[in-house]
Amino acid sequence: MSKPRIWISNDTPKAGEVVRVRALILHRMETGLRPDADGQIIPRNIVNEFEARLDGELLFKWAPETAVSQNPYIEFTFLARKSGELQMKWVDDEGAVITGSTELTVS
């Protein structure tokens, strides 16, 4: 899996300003319903957990389901209250973990 792509609307927001975060990872998102070339069912392997934290403080948590397409994209907003490292983590059924982060400086 590759490093996530993260976009942030403003990495130097004023206190109380809404910050929009968009993130994309490359992940096949196998549902466990599709057969391979030999007719064998490909085992389920989806991203089943996402967390966003600002300096360790939980901002947002999501539990994706099989209906999410491959290469999941997520967008969320939060109010800027303090500076810190915005950390994101995705975990799939096989236990693989993808992480990404970006700095936020509140003025």
# chains A, B, ... in the order shown; residues from 1 in each chain; ligands from 1
>>> select_by_dssp(residues="region 41-107 of chain A", states="strand (DSSP E)", output="PyMOL selection string")
chain A and resi 47-54+57-62+73-79+84-92+97-104
>>> residues_around(residues="Pro64 (chain A)", least_positions_apart="3", cutoff="12 Å", atoms="only C-alpha atoms", output="JSON list (two decimals) with N, CA and C atoms, in the first residue's frame")
[["chain", "number", "residue", "atom", "x", "y", "z"],
["A", 29, "MET", "N", -9.84, -3.00, -1.47],
["A", 29, "MET", "CA", -11.16, -3.14, -0.85],
["A", 29, "MET", "C", -11.91, -4.36, -1.40],
["A", 31, "THR", "N", -14.33, -7.36, -1.23],
["A", 31, "THR", "CA", -15.54, -7.58, -0.42],
["A", 31, "THR", "C", -15.70, -9.01, 0.08],
["A", 45, "ASN", "N", -11.02, -8.22, 2.32],
["A", 45, "ASN", "CA", -9.98, -7.37, 2.90],
["A", 45, "ASN", "C", -10.35, -5.93, 2.62],
["A", 46, "ILE", "N", -11.05, -5.34, 3.57],
["A", 46, "ILE", "CA", -11.45, -3.94, 3.44],
["A", 46, "ILE", "C", -10.83, -3.12, 4.58],
["A", 47, "VAL", "N", -10.75, -1.82, 4.37],
["A", 47, "VAL", "CA", -10.39, -0.92, 5.45],
["A", 47, "VAL", "C", -11.59, -0.91, 6.40],
["A", 48, "ASN", "N", -11.36, -1.26, 7.65],
["A", 48, "ASN", "CA", -12.49, -1.35, 8.58],
["A", 48, "ASN", "C", -12.40, -0.35, 9.73],
["A", 49, "GLU", "N", -11.35, 0.47, 9.71],
["A", 49, "GLU", "CA", -11.19, 1.46, 10.78],
["A", 49, "GLU", "C", -10.43, 2.67, 10.26],
["A", 50, "PHE", "N", -10.92, 3.85, 10.61],
["A", 50, "PHE", "CA", -10.23, 5.10, 10.30],
["A", 50, "PHE", "C", -10.29, 5.99, 11.53],
["A", 51, "GLU", "N", -9.18, 6.64, 11.84],
["A", 51, "GLU", "CA", -9.13, 7.59, 12.94],
["A", 51, "GLU", "C", -8.36, 8.82, 12.52],
["A", 61, "LYS", "N", -13.75, 9.36, 14.09],
["A", 61, "LYS", "CA", -13.56, 7.92, 13.94],
["A", 61, "LYS", "C", -14.64, 7.40, 13.00],
["A", 67, "ALA", "N", -19.48, -1.64, 1.37],
["A", 67, "ALA", "CA", -20.03, -0.83, 0.29],
["A", 67, "ALA", "C", -19.10, 0.30, -0.14],
["A", 68, "VAL", "N", -18.00, 0.52, 0.57],
["A", 68, "VAL", "CA", -17.05, 1.57, 0.20],
["A", 68, "VAL", "C", -16.18, 1.06, -0.96],
["A", 69, "SER", "N", -16.03, 1.89, -1.97],
["A", 69, "SER", "CA", -15.28, 1.48, -3.16],
["A", 69, "SER", "C", -13.78, 1.42, -2.89],
["A", 70, "GLN", "N", -13.07, 0.83, -3.83],
["A", 70, "GLN", "CA", -11.62, 0.75, -3.69],
["A", 70, "GLN", "C", -11.04, 2.16, -3.68],
["A", 72, "PRO", "N", -10.38, 4.24, -0.98],
["A", 72, "PRO", "CA", -11.33, 5.08, -0.25],
["A", 72, "PRO", "C", -10.84, 6.52, -0.04],
["A", 73, "TYR", "N", -11.78, 7.42, -0.26],
["A", 73, "TYR", "CA", -11.60, 8.85, -0.10],
["A", 73, "TYR", "C", -12.47, 9.28, 1.08],
["A", 74, "ILE", "N", -11.93, 10.12, 1.93],
["A", 74, "ILE", "CA", -12.70, 10.62, 3.06],
["A", 74, "ILE", "C", -12.52, 12.12, 3.16],
["A", 90, "TRP", "N", -5.52, 4.32, 8.94],
["A", 90, "TRP", "CA", -6.44, 3.38, 8.33],
["A", 90, "TRP", "C", -5.96, 1.98, 8.67],
["A", 91, "VAL", "N", -6.88, 1.07, 9.02],
["A", 91, "VAL", "CA", -6.53, -0.32, 9.34],
["A", 91, "VAL", "C", -7.44, -1.23, 8.51],
["A", 92, "ASP", "N", -6.86, -2.27, 7.87],
["A", 92, "ASP", "CA", -7.68, -3.18, 7.08],
["A", 92, "ASP", "C", -7.85, -4.53, 7.78],
["A", 93, "ASP", "N", -8.63, -5.42, 7.17],
["A", 93, "ASP", "CA", -8.94, -6.72, 7.75],
["A", 93, "ASP", "C", -7.70, -7.58, 8.00]]
>>> closest_residue(among="A:Thr99, A:Thr12, A:Ser2, A:Gln87", to="Leu54 (chain A)", atoms="only C-alpha atoms")
A:Gln87
>>> closest_residue(among="A:Glu94, A:Glu85, A:Asp38, A:Glu75", to="Ser9 (chain A)", atoms="only C-alpha atoms")
A:Glu75
>>> closest_residue(among="A:Gly32, A:Gly39, A:Phe78, A:Leu59", to="Val18 (chain A)", atoms="only C-alpha atoms")
A:Phe78
>>> atom_distance(atom1="CA of Ala15 (chain A)", atom2="CA of Arg81 (chain A)")
5.2 Å
>>> atom_distance(atom1="CA of Pro4 (chain A)", atom2="CA of Met88 (chain A)")
9.1 Å
>>> atom_distance(atom1="CA of Ile8 (chain A)", atom2="CA of Val21 (chain A)")
4.6 Å
>>> closest_residue(among="A:Ile98, A:Ala80, A:Thr66, A:Leu104", to="Leu33 (chain A)", atoms="only C-alpha atoms")
A:Thr66
